[in-house]
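Undergrad: Okay, so here is query.txt, and as you'll see once you scroll down, it has compact mmCIF, C-alpha atoms.
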# COMPACT_ATOMS: atom_id res chain seq x y z
CA MET A 1 -24.34 14.21 -4.30
CA THR A 2 -21.42 16.46 -3.39
CA LEU A 3 -20.39 16.90 0.21
CA VAL A 4 -17.45 18.81 1.65
CA PRO A 5 -14.93 16.40 3.21
CA GLY A 6 -13.26 17.10 6.54
CA SER A 7 -10.20 19.26 6.96
CA THR A 8 -6.83 17.97 5.76
CA SER A 9 -4.88 20.53 7.80
CA GLU A 10 -4.67 18.18 10.79
CA PHE A 11 -2.45 15.14 11.18
CA GLN A 12 -4.21 12.31 9.34
CA TRP A 13 -4.80 9.47 11.78
CA GLY A 14 -6.39 6.73 9.72
CA VAL A 15 -6.74 3.13 8.72
CA ALA A 16 -6.03 1.42 5.40
CA THR A 17 -7.54 -1.40 3.36
CA ALA A 18 -7.39 -2.70 -0.23
CA ALA A 19 -10.28 -3.53 -2.55
CA PHE A 20 -9.28 -7.09 -3.43
CA GLN A 21 -8.63 -7.95 0.19
CA ILE A 22 -11.99 -6.87 1.60
CA GLU A 23 -14.65 -6.19 -1.03
CA GLY A 24 -15.66 -9.66 -2.21
CA ALA A 25 -18.49 -9.56 -4.78
CA THR A 26 -15.93 -10.44 -7.44
CA GLY A 27 -18.63 -11.51 -9.89
CA GLU A 28 -21.25 -8.86 -9.17
CA ASP A 29 -22.45 -5.74 -10.94
CA GLY A 30 -20.22 -6.03 -13.98
CA ARG A 31 -16.83 -6.35 -12.30
CA GLY A 32 -14.22 -7.93 -14.55
CA ALA A 33 -11.51 -10.42 -13.62
CA SER A 34 -8.19 -9.29 -12.20
CA VAL A 35 -4.82 -11.03 -12.21
CA TRP A 36 -5.48 -11.98 -8.60
CA ASP A 37 -8.78 -13.70 -9.45
CA THR A 38 -6.85 -15.77 -11.97
CA PHE A 39 -3.94 -16.41 -9.59
CA CYS A 40 -6.27 -17.61 -6.83
CA ARG A 41 -7.59 -20.32 -9.13
CA GLU A 42 -4.19 -21.70 -10.06
CA PRO A 43 -3.51 -24.80 -7.92
CA GLY A 44 -0.95 -24.28 -5.18
CA ARG A 45 -0.77 -20.51 -5.44
CA ILE A 46 -2.80 -19.57 -2.35
CA ARG A 47 -2.54 -21.27 1.02
CA ASP A 48 -5.38 -23.80 1.45
CA GLY A 49 -6.85 -22.74 -1.88
CA HIS A 50 -8.53 -19.63 -0.46
CA THR A 51 -10.03 -17.03 -2.79
CA ALA A 52 -11.24 -13.46 -2.29
CA ASP A 53 -14.66 -14.10 -3.80
CA VAL A 54 -16.35 -13.11 -0.52
CA ALA A 55 -13.46 -11.74 1.58
CA CYS A 56 -15.00 -9.35 4.17
CA ASP A 57 -18.08 -8.68 2.01
CA HIS A 58 -17.26 -4.98 2.26
CA TYR A 59 -19.05 -4.39 -1.04
CA HIS A 60 -22.33 -4.95 0.80
CA ARG A 61 -21.28 -4.05 4.37
CA TRP A 62 -19.40 -0.81 3.75
CA PRO A 63 -21.70 1.40 5.90
CA GLU A 64 -20.93 -0.78 8.94
CA ASP A 65 -17.22 -0.58 8.18
CA LEU A 66 -17.28 3.20 7.80
CA ASP A 67 -19.05 3.41 11.15
CA LEU A 68 -16.17 1.45 12.68
CA ILE A 69 -13.69 3.98 11.27
CA ALA A 70 -15.75 6.89 12.53
CA GLY A 71 -15.90 5.20 15.93
CA LEU A 72 -12.12 5.40 16.14
CA GLY A 73 -12.24 9.17 15.84
CA ALA A 74 -10.02 8.73 12.79
CA ARG A 75 -9.63 11.55 10.30
CA ALA A 76 -9.01 9.56 7.13
CA TYR A 77 -9.68 6.25 5.41
CA ARG A 78 -7.28 4.92 2.82
CA PHE A 79 -9.07 2.51 0.49
CA SER A 80 -8.36 1.29 -3.01
CA ILE A 81 -10.49 1.35 -6.12
CA ALA A 82 -10.69 -1.91 -8.06
CA TRP A 83 -9.70 -1.16 -11.65
CA PRO A 84 -11.65 -4.22 -12.94
CA ARG A 85 -14.79 -2.99 -11.17
CA VAL A 86 -14.59 0.36 -12.94
CA GLN A 87 -13.15 -0.72 -16.30
CA PRO A 88 -13.55 -4.50 -16.66
CA ASP A 89 -11.22 -4.81 -19.65
CA GLY A 90 -8.68 -2.28 -18.42
CA SER A 91 -9.61 -0.04 -21.34
CA GLY A 92 -12.70 0.93 -23.21
CA PRO A 93 -16.21 0.96 -21.69
CA VAL A 94 -16.75 2.08 -18.11
CA ASN A 95 -18.86 -0.03 -15.75
CA ALA A 96 -21.31 2.48 -14.29
CA LYS A 97 -22.29 0.25 -11.38
CA GLY A 98 -18.66 0.00 -10.33
CA LEU A 99 -18.19 3.76 -10.27
CA ASP A 100 -21.50 4.12 -8.46
CA PHE A 101 -20.18 1.95 -5.62
CA TYR A 102 -17.19 4.21 -5.02
CA ASP A 103 -19.41 7.28 -5.37
CA ARG A 104 -21.54 5.97 -2.50
CA LEU A 105 -18.42 5.12 -0.50
CA VAL A 106 -16.88 8.60 -0.71
CA ASP A 107 -20.25 10.19 0.09
CA GLY A 108 -20.43 7.91 3.13
CA LEU A 109 -17.01 9.09 4.24
CA ALA A 110 -17.97 12.74 3.86
CA GLU A 111 -21.16 12.17 5.84
CA ARG A 112 -18.98 10.86 8.69
CA ASP A 113 -16.50 13.75 8.34
CA LEU A 114 -13.75 11.37 7.20
CA ASN A 115 -11.21 12.30 4.56
CA ALA A 116 -11.04 9.99 1.56
CA THR A 117 -7.58 8.76 0.60
CA ALA A 118 -8.13 6.83 -2.61
CA THR A 119 -5.56 4.44 -4.06
CA LEU A 120 -6.01 3.79 -7.77
CA PHE A 121 -3.95 0.60 -8.06
CA HIS A 122 -3.46 -1.92 -5.29
CA TRP A 123 -2.25 -4.84 -7.44
CA ASP A 124 -5.55 -5.94 -9.05
CA LEU A 125 -4.64 -5.39 -12.71
CA PRO A 126 -7.48 -6.27 -15.11
CA GLN A 127 -6.74 -9.70 -16.59
CA PRO A 128 -7.12 -8.54 -20.23
CA LEU A 129 -4.23 -6.13 -19.70
CA GLU A 130 -2.08 -8.92 -18.29
CA ASP A 131 -2.98 -11.03 -21.31
CA ALA A 132 -1.51 -8.21 -23.41
CA GLY A 133 1.74 -8.22 -21.40
CA GLY A 134 0.72 -6.56 -18.15
CA TRP A 135 3.23 -4.12 -16.67
CA LEU A 136 5.89 -5.50 -19.02
CA ASN A 137 3.92 -3.76 -21.75
CA ARG A 138 4.59 -0.02 -21.94
CA ASP A 139 1.03 0.54 -23.14
CA THR A 140 -0.31 -0.41 -19.69
CA ALA A 141 1.02 2.92 -18.37
CA ALA A 142 -1.19 4.79 -20.83
CA ARG A 143 -4.20 2.64 -19.96
CA PHE A 144 -3.63 3.40 -16.28
CA ALA A 145 -3.68 7.15 -16.93
CA GLU A 146 -6.97 6.80 -18.82
CA TYR A 147 -8.45 4.88 -15.90
CA ALA A 148 -7.20 7.54 -13.46
CA ALA A 149 -8.94 10.25 -15.46
CA ILE A 150 -12.21 8.31 -15.48
CA VAL A 151 -12.23 7.85 -11.71
CA ALA A 152 -11.11 11.38 -10.90
CA GLU A 153 -13.73 12.93 -13.14
CA ARG A 154 -16.34 11.28 -10.93
CA LEU A 155 -14.73 11.57 -7.48
CA ALA A 156 -12.14 14.36 -7.43
CA ASP A 157 -14.51 16.82 -5.75
CA ARG A 158 -14.64 14.63 -2.62
CA VAL A 159 -11.27 12.83 -2.45
CA ALA A 160 -8.75 14.60 -0.23
CA LEU A 161 -5.68 12.61 -1.33
CA TRP A 162 -5.05 10.41 -4.36
CA ILE A 163 -2.46 7.63 -4.24
CA THR A 164 -1.58 6.47 -7.74
CA LEU A 165 0.17 3.16 -7.04
CA ASN A 166 0.51 1.01 -3.97
CA GLU A 167 3.91 -0.62 -3.57
CA PRO A 168 5.16 -0.90 -7.16
CA MET A 169 8.19 -2.72 -5.74
CA VAL A 170 6.01 -5.62 -4.62
CA VAL A 171 4.36 -5.89 -8.03
CA MET A 172 7.77 -5.99 -9.72
CA ALA A 173 9.55 -8.27 -7.25
CA TYR A 174 6.90 -10.62 -5.93
CA GLY A 175 4.65 -10.61 -8.99
CA TYR A 176 7.07 -10.61 -11.92
CA ALA A 177 10.53 -11.47 -10.55
CA PHE A 178 9.95 -14.11 -7.84
CA GLY A 179 6.53 -15.43 -8.91
CA VAL A 180 4.96 -15.69 -5.46
CA TYR A 181 2.24 -13.09 -6.15
CA ALA A 182 0.06 -12.49 -9.19
CA PRO A 183 0.71 -12.77 -12.08
CA GLY A 184 3.26 -15.35 -10.94
CA ARG A 185 6.12 -14.73 -13.37
CA THR A 186 9.72 -15.60 -12.47
CA LEU A 187 11.80 -13.17 -14.53
CA MET A 188 14.27 -12.07 -11.84
CA LEU A 189 16.13 -8.99 -13.20
CA GLY A 190 14.08 -9.34 -16.38
CA ALA A 191 11.25 -7.79 -14.37
CA LEU A 192 12.92 -4.35 -14.25
CA PRO A 193 10.69 -2.93 -17.03
CA VAL A 194 7.74 -3.54 -14.69
CA ALA A 195 9.17 -0.98 -12.28
CA HIS A 196 9.63 1.65 -14.95
CA HIS A 197 6.29 1.14 -16.64
CA GLN A 198 4.52 1.47 -13.30
CA LEU A 199 6.40 4.69 -12.56
CA LEU A 200 5.62 5.98 -16.04
CA GLY A 201 1.97 5.17 -15.39
CA HIS A 202 2.25 7.06 -12.10
CA GLY A 203 3.59 10.15 -13.83
CA LEU A 204 0.92 10.05 -16.54
CA ALA A 205 -1.74 9.53 -13.86
CA VAL A 206 -0.49 12.53 -11.86
CA GLU A 207 -1.13 14.69 -14.94
CA ALA A 208 -4.55 13.12 -15.50
CA LEU A 209 -5.57 13.56 -11.88
CA ARG A 210 -4.53 17.19 -11.77
CA GLY A 211 -6.38 17.78 -15.02
CA ALA A 212 -9.54 16.43 -13.39
CA GLY A 213 -9.21 18.72 -10.36
CA ALA A 214 -7.41 16.48 -7.85
CA ARG A 215 -6.26 18.54 -4.88
CA SER A 216 -3.44 16.35 -3.59
CA VAL A 217 -1.58 13.49 -5.30
CA GLY A 218 1.06 11.03 -4.13
CA ILE A 219 2.35 7.47 -4.34
CA ALA A 220 2.64 4.78 -1.64
CA ASN A 221 6.03 3.06 -1.73
CA HIS A 222 7.01 -0.01 0.24
CA TYR A 223 10.30 0.45 2.06
CA THR A 224 12.20 -2.53 3.46
CA PRO A 225 15.49 -1.12 4.74
CA GLY A 226 18.44 -3.42 4.21
CA ARG A 227 20.77 -4.13 7.13
CA ALA A 228 24.16 -5.66 6.37
CA ALA A 229 24.54 -9.11 7.92
CA SER A 230 28.11 -8.33 8.97
CA ASP A 231 30.86 -5.70 8.76
CA ARG A 232 32.35 -7.35 5.67
CA PRO A 233 32.69 -4.98 2.68
CA GLU A 234 30.95 -7.60 0.53
CA ASP A 235 27.84 -7.45 2.71
CA ALA A 236 27.87 -3.64 2.69
CA ALA A 237 28.02 -3.64 -1.13
CA ALA A 238 25.18 -6.16 -1.28
CA THR A 239 23.09 -3.99 1.04
CA GLU A 240 23.64 -0.96 -1.19
CA ALA A 241 22.57 -3.02 -4.21
CA PHE A 242 19.49 -4.24 -2.33
CA ASP A 243 18.45 -0.72 -1.35
CA ASN A 244 18.99 0.60 -4.87
CA LEU A 245 16.95 -2.17 -6.43
CA LEU A 246 14.07 -2.49 -3.97
CA ASN A 247 13.87 0.90 -2.25
CA TRP A 248 15.48 3.79 -4.13
CA GLN A 249 14.51 2.55 -7.60
CA PHE A 250 10.95 3.59 -6.77
CA THR A 251 11.77 6.99 -5.25
CA ASP A 252 14.84 8.39 -7.02
CA PRO A 253 13.11 8.74 -10.43
CA ILE A 254 10.26 10.71 -8.84
CA LEU A 255 12.27 12.97 -6.54
CA ARG A 256 15.67 13.05 -8.31
CA GLY A 257 14.67 12.54 -11.93
CA GLY A 258 16.92 9.50 -12.45
CA TYR A 259 17.49 5.90 -11.43
CA PRO A 260 20.11 4.80 -8.88
CA ASP A 261 22.85 2.43 -10.02
CA LEU A 262 21.04 -0.86 -10.68
CA GLY A 263 24.07 -2.57 -12.19
CA VAL A 264 22.36 -3.18 -15.56
CA ASP A 265 21.36 -1.23 -18.64
CA LEU A 266 17.80 0.13 -18.82
CA PRO A 267 16.83 0.12 -22.52
CA HIS A 268 13.14 0.31 -21.55
CA VAL A 269 13.64 3.89 -20.30
CA HIS A 270 12.89 6.16 -23.26
CA ASP A 271 13.85 9.77 -23.84
CA GLY A 272 11.43 12.03 -21.99
CA ASP A 273 10.15 9.32 -19.64
CA LEU A 274 11.88 10.64 -16.55
CA ALA A 275 10.40 14.09 -17.02
CA VAL A 276 6.97 12.44 -16.85
CA VAL A 277 7.86 10.23 -13.88
CA SER A 278 9.26 13.15 -11.87
CA ALA A 279 6.10 15.25 -12.02
CA PRO A 280 5.80 17.00 -8.63
CA ILE A 281 3.79 15.18 -5.97
CA ASP A 282 2.18 16.52 -2.83
CA VAL A 283 2.70 13.52 -0.54
CA LEU A 284 5.11 10.59 -0.34
CA GLY A 285 3.34 7.58 1.12
CA VAL A 286 5.61 5.35 3.20
CA ASN A 287 4.55 1.75 3.82
CA TYR A 288 6.80 0.15 6.41
CA TYR A 289 6.66 -3.18 8.23
CA ASN A 290 10.22 -4.40 8.87
CA PRO A 291 13.86 -4.33 7.77
CA VAL A 292 15.70 -7.31 6.28
CA GLY A 293 19.20 -8.67 6.67
CA VAL A 294 21.35 -8.60 3.54
CA ALA A 295 24.48 -10.56 2.71
CA ALA A 296 26.71 -10.99 -0.32
CA PRO A 297 25.31 -13.44 -2.89
CA ALA A 298 26.66 -16.90 -3.41
CA GLU A 299 28.53 -17.63 -6.62
CA GLY A 300 26.10 -18.01 -9.49
CA ASP A 301 23.19 -16.17 -7.84
CA GLU A 302 21.09 -14.12 -10.25
CA LEU A 303 20.71 -11.22 -7.83
CA PRO A 304 23.53 -9.10 -6.34
CA PHE A 305 22.46 -9.87 -2.77
CA THR A 306 21.01 -12.54 -0.51
CA MET A 307 18.26 -11.78 2.01
CA THR A 308 18.87 -13.18 5.48
CA ASP A 309 17.87 -12.68 9.11
CA VAL A 310 18.15 -9.23 10.63
CA PRO A 311 21.22 -9.06 12.88
CA GLY A 312 20.47 -9.10 16.60
CA ALA A 313 17.56 -11.57 16.51
CA PRO A 314 14.70 -9.11 17.19
CA PRO A 315 11.24 -10.45 18.09
CA VAL A 316 8.97 -11.33 15.18
CA THR A 317 5.28 -10.94 14.32
CA GLY A 318 2.90 -13.73 13.44
CA MET A 319 4.19 -13.44 9.86
CA GLY A 320 7.75 -13.98 11.09
CA TRP A 321 8.65 -10.36 10.30
CA PRO A 322 11.24 -8.76 12.63
CA VAL A 323 9.94 -6.00 14.88
CA VAL A 324 12.43 -3.10 14.66
CA PRO A 325 10.74 0.27 15.27
CA ALA A 326 14.12 2.03 15.17
CA ALA A 327 14.38 1.04 11.51
CA LEU A 328 11.30 3.15 10.75
CA HIS A 329 12.88 6.16 12.45
CA ARG A 330 16.09 5.57 10.51
CA LEU A 331 14.15 5.21 7.24
CA LEU A 332 12.34 8.51 7.74
CA THR A 333 15.50 10.43 8.59
CA THR A 334 17.28 8.78 5.63
CA LEU A 335 14.53 9.95 3.28
CA LYS A 336 15.00 13.48 4.59
CA SER A 337 18.77 13.43 4.18
CA ARG A 338 18.68 11.67 0.78
CA TYR A 339 16.12 13.95 -0.87
CA GLY A 340 16.40 17.22 1.04
CA ASP A 341 14.09 19.94 -0.23
CA ALA A 342 12.74 17.63 -2.95
CA LEU A 343 11.05 15.45 -0.31
CA PRO A 344 7.35 16.30 -0.01
CA PRO A 345 5.42 15.82 3.23
CA ILE A 346 5.26 12.15 4.24
CA GLN A 347 2.29 10.11 5.33
CA ILE A 348 2.79 6.64 6.80
CA THR A 349 0.25 5.01 4.50
CA GLU A 350 0.62 1.52 6.01
CA SER A 351 1.94 0.32 9.36
CA GLY A 352 0.77 -2.81 11.12
CA CYS A 353 1.31 -6.42 12.07
CA SER A 354 -0.31 -9.84 12.10
CA TYR A 355 -0.82 -11.89 15.22
CA ASP A 356 -3.32 -14.60 16.14
CA GLU A 357 -7.09 -14.25 16.37
CA ALA A 358 -7.11 -13.05 19.99
CA LEU A 359 -9.35 -10.10 20.81
CA ASP A 360 -7.00 -9.04 23.61
CA ASP A 361 -4.13 -8.37 21.20
CA ARG A 362 -1.46 -6.83 23.39
CA PRO A 363 1.37 -7.68 20.95
CA ARG A 364 -0.32 -5.55 18.28
CA ILE A 365 -0.72 -2.66 20.69
CA ASP A 366 2.96 -2.91 21.62
CA TYR A 367 3.96 -2.96 17.93
CA LEU A 368 1.84 0.04 16.99
CA SER A 369 2.81 2.04 20.06
CA ALA A 370 6.51 1.54 19.37
CA HIS A 371 6.13 2.52 15.72
CA VAL A 372 4.10 5.63 16.53
CA ASP A 373 6.91 6.55 18.92
CA ALA A 374 9.40 6.08 16.05
CA VAL A 375 7.35 8.43 13.87
CA ARG A 376 7.17 10.97 16.70
CA ALA A 377 10.94 10.80 17.12
CA ALA A 378 11.47 11.38 13.39
CA MET A 379 9.13 14.38 13.52
CA ASN A 380 11.15 15.75 16.44
CA ASP A 381 14.22 15.33 14.21
CA GLY A 382 12.64 17.54 11.57
CA VAL A 383 10.96 15.02 9.25
CA ASP A 384 7.65 16.40 7.96
CA VAL A 385 5.23 13.53 8.66
CA ARG A 386 1.55 14.36 8.37
CA GLY A 387 -0.30 11.08 8.70
CA TYR A 388 -0.31 7.53 10.07
CA TYR A 389 -2.61 4.79 8.73
CA VAL A 390 -2.82 1.47 10.53
CA TRP A 391 -2.87 -1.63 8.36
CA SER A 392 -5.53 -2.73 8.67
CA LEU A 393 -9.03 -1.87 9.77
CA LEU A 394 -10.21 -5.46 9.27
CA ASP A 395 -8.80 -8.94 9.13
CA ASN A 396 -8.78 -9.73 5.42
CA PHE A 397 -7.60 -11.85 2.51
CA GLU A 398 -3.84 -11.63 2.89
CA TRP A 399 -2.75 -12.48 -0.65
CA ALA A 400 -0.82 -15.76 -0.98
CA GLU A 401 -1.43 -16.55 2.71
CA GLY A 402 -5.21 -16.47 2.27
CA TYR A 403 -7.22 -15.83 5.42
CA HIS A 404 -4.63 -17.10 7.89
CA PRO A 405 -2.84 -13.87 8.90
CA ARG A 406 -4.81 -11.47 11.10
CA PHE A 407 -3.84 -7.81 10.64
CA GLY A 408 -7.08 -6.18 11.77
CA LEU A 409 -7.89 -3.78 14.55
CA VAL A 410 -11.27 -5.46 14.05
CA HIS A 411 -11.64 -9.24 14.11
CA VAL A 412 -13.69 -10.75 11.29
CA ASP A 413 -15.47 -14.08 11.65
CA TYR A 414 -15.42 -15.13 8.00
CA ALA A 415 -18.25 -17.64 8.45
CA THR A 416 -20.70 -15.02 9.76
CA GLN A 417 -18.97 -11.76 8.69
CA ARG A 418 -19.37 -10.52 12.25
CA ARG A 419 -16.99 -7.67 13.11
CA THR A 420 -15.63 -7.47 16.66
CA PRO A 421 -13.24 -4.66 17.65
CA ARG A 422 -10.07 -5.85 19.34
CA ALA A 423 -8.30 -4.25 22.28
CA SER A 424 -6.02 -2.53 19.74
CA TYR A 425 -9.07 -0.76 18.29
CA ALA A 426 -9.78 0.81 21.69
CA TRP A 427 -6.09 1.63 22.12
CA TYR A 428 -5.94 3.41 18.76
CA ARG A 429 -9.17 5.29 19.51
CA ASP A 430 -7.66 6.52 22.76
CA LEU A 431 -4.38 7.46 21.07
CA ILE A 432 -6.22 9.58 18.50
CA ALA A 433 -8.33 11.22 21.21
CA ALA A 434 -5.17 12.14 23.15
CA SER A 435 -3.37 13.68 20.18
CA GLY A 436 -2.51 17.37 20.14
CA PRO A 437 -4.81 20.21 19.03
CA ASP A 438 -3.52 19.90 15.45
CA GLY A 439 -3.95 16.14 15.54
CA ARG A 440 -0.21 15.46 15.76
CA PRO A 441 1.03 12.75 18.13
CA ARG A 442 1.87 14.26 21.48
CA ARG A 443 5.41 14.16 22.79
CA ARG A 444 6.06 11.95 25.77
Translate the structure of the given file into structure tokens.

TA:
Amino acid sequence: MTLVPGSTSEFQWGVATAAFQIEGATGEDGRGASVWDTFCREPGRIRDGHTADVACDHYHRWPEDLDLIAGLGARAYRFSIAWPRVQPDGSGPVNAKGLDFYDRLVDGLAERDLNATATLFHWDLPQPLEDAGGWLNRDTAARFAEYAAIVAERLADRVALWITLNEPMVVMAYGYAFGVYAPGRTLMLGALPVAHHQLLGHGLAVEALRGAGARSVGIANHYTPGRAASDRPEDAAATEAFDNLLNWQFTDPILRGGYPDLGVDLPHVHDGDLAVVSAPIDVLGVNYYNPVGVAAPAEGDELPFTMTDVPGAPPVTGMGWPVVPAALHRLLTTLKSRYGDALPPIQITESGCSYDEALDDRPRIDYLSAHVDAVRAAMNDGVDVRGYYVWSLLDNFEWAEGYHPRFGLVHVDYATQRRTPRASYAWYRDLIAASGPDGRPRRR
């Protein structure tokens, strides 16, 4: 069934989710195991031993969830496709039932006049690929491009925007360097090939997607702006090293065709790779939650910086993350000044916060309102921002923290799977309804 999705000419107010965090049904209809299924079963990895086996049961309840999105008056839904559900081994045979699920999902979005923003990789690497080296293995980039072509061949006629990778920085740093996320390796700077192989996979996937008729392609990068802990030159140098390693490493190769100074050799970067990585994209996805304080490292530290509290003691969310909307404005204007004409239109592909279970969630409303204002201010300063997706539609499985954090506009009772919209849901609905004729946020 082929339906025409809604217009993408308007500002894309939306919500975002990820397959592993909401779908559940991890053992149904031929889905294979991912690195996160394995990680969840390793003692001590996930708070209170939680798993995503059921999560929000979105695999069975997706029509109800799409109705919630439509009820917001949103224009777009950013979801991710589970690679192990489509290609259980990460290569080879395709699982037809897995593709059928996403076919029904994008049809459901079109029926509700919602644009589909599909993310191909949101951290759930098929376990057989990890067994072969994961993102440390250059071959994984080629496997990712094959998977992208399979999915796009089925869905490209109805997907408005494709996101290749979600937050490759997090996969490199938290998954392979620090070991707190799947696959749980602790390689520190030895994880740098993971960054490059993901970006190589991105570039190969861009080509595969365009070959299958994709209309718009981008990547969603996680940006955590560093703020020097003091005026000392040592802290300023550490902040530059932090930004190069965790922010610009994932954007410079795409938009500038080369890596920033990472302070080490990069023998894993082969001739011709950067031409692939820097394939033109239509959208830069910006995921932003908070800045971080940065100080000079102590003697003997493996990294050229130390992360510390943000100067000025701002308020924090339920996750302990500092609330600094001005840092989002500064990030957006920095992207514009750093990349100039090479910067494509931006969409804020994730923005949100965790607080307690309360249905009257005023702190979340305050957070979102302030960050929408920061986006509006950046647009007034000439930054081309064309979308804002709240993380997240639903409370969900929040990785190593299990089900404890609550990020949802909609509360989920995990025992009953009952969905209850919070006050922030009504606030966001009203914000969208009050936006300008082109969907852009109105000036105040």

Undergrad: Calculated over all atoms listed in the file, which of the candidates A:Leu192, A:Ala374, A:Ala358, A:Leu303 has the smallest distance to Val324 in chain A?

TA: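 For Val324 in chain A, the nearest of the given residues is A:Ala374.
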
Undergrad: Please indicate the distance in Å from CA of Gly436 in chain A to CA of Ile69 in chain A, rounded to one decimal place.

TA: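 Here the two named atoms are 19.6 Å from each other.
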
Undergrad: Residues of range 257-375 of chain A within 12 Å of range 400-414 of chain A: nearest atom pair and distance (Å, one decimal) for each, counting only C-alpha atoms, sorted by chain and number, as a tab-separated table?

TA:
residue	atom	partner	partner_atom	distance
A:Tyr289	CA	A:Phe407	CA	11.7
A:Thr317	CA	A:Pro405	CA	10.2
A:Gly318	CA	A:Pro405	CA	7.3
A:Met319	CA	A:Pro405	CA	7.1
A:Gly320	CA	A:Pro405	CA	10.8
A:Glu350	CA	A:Phe407	CA	11.3
A:Ser351	CA	A:Phe407	CA	10.1
A:Gly352	CA	A:Phe407	CA	6.8
A:Cys353	CA	A:Phe407	CA	5.5
A:Ser354	CA	A:Phe407	CA	4.3
A:Tyr355	CA	A:Arg406	CA	5.8
A:Asp356	CA	A:Arg406	CA	6.1
A:Glu357	CA	A:Arg406	CA	6.4
A:Ala358	CA	A:His411	CA	8.3
A:Leu359	CA	A:His411	CA	7.1
A:Asp360	CA	A:Leu409	CA	10.5
A:Asp361	CA	A:Leu409	CA	8.9
A:Arg362	CA	A:Leu409	CA	11.3
A:Pro363	CA	A:Phe407	CA	11.6
A:Arg364	CA	A:Leu409	CA	8.6
A:Ile365	CA	A:Leu409	CA	9.5
A:Tyr367	CA	A:Phe407	CA	11.7
A:Leu368	CA	A:Leu409	CA	10.7

Undergrad: Would you list the residues near (-4.3, -6.9, -21.2) (no more than 10 Å away, in the coordinates of the file, using all atoms listed in the file) as a PyMOL selection string?

TA: chain A and resi 35+89-91+125-135+137+139-140+143

Undergrad: Got a sec: who's within 9 Å of range 230-237 of chain A, counting only C-alpha atoms, leaving out chain neighbours fewer than 6 positions off, as a list in words?

TA: Val294, Ala295, Ala296, Pro297, Pro304, Phe305 and Pro311 of chain A

Undergrad: In file coordinates, which residues lie within 12 Å of (2.0, 5.2, 16.3) using all atoms listed in the file, given as a ChimeraX atom specification?

TA: /A:12-15,325,328-329,348-352,364-379,385,387-391,424,427-432,435,440-443

Undergrad: Measuring between all atoms listed in the file, which one of A:Val206, A:Leu189, A:Met172, A:Val310 shows the shortest distance to Asp265 in chain A?

TA: A:Leu189

Undergrad: By how many Å are CA of Leu66 in chain A and CA of Pro345 in chain A apart?

TA: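 Taking CA of Leu66 in chain A as the start and CA of Pro345 in chain A as the end point, the length is 26.4 Å.
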
Undergrad: Which value, in Å to one decimal, gives the distance between CA of Pro183 in chain A and CA of Leu266 in chain A?

TA: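 The value is 22.4 Å.
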
Undergrad: Which is closer to Asp282 in chain A than all the others in A:Gln249, A:Thr38, A:Ser216, A:Gln21, using all atoms listed in the file?

TA: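 Comparing A:Gln249, A:Thr38, A:Ser216, A:Gln21 against Asp282 in chain A, the winner is A:Ser216.
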
Undergrad: Go through A:Trp36, A:Trp123, A:Phe20, A:Phe242 one by one, measure the shortest atom-to-atom distance of each to Gln198 in chain A using all atoms listed in the file, and give the residue with the smallest value.

TA: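 The shortest atom-to-atom distance to Gln198 in chain A comes from A:Trp123.
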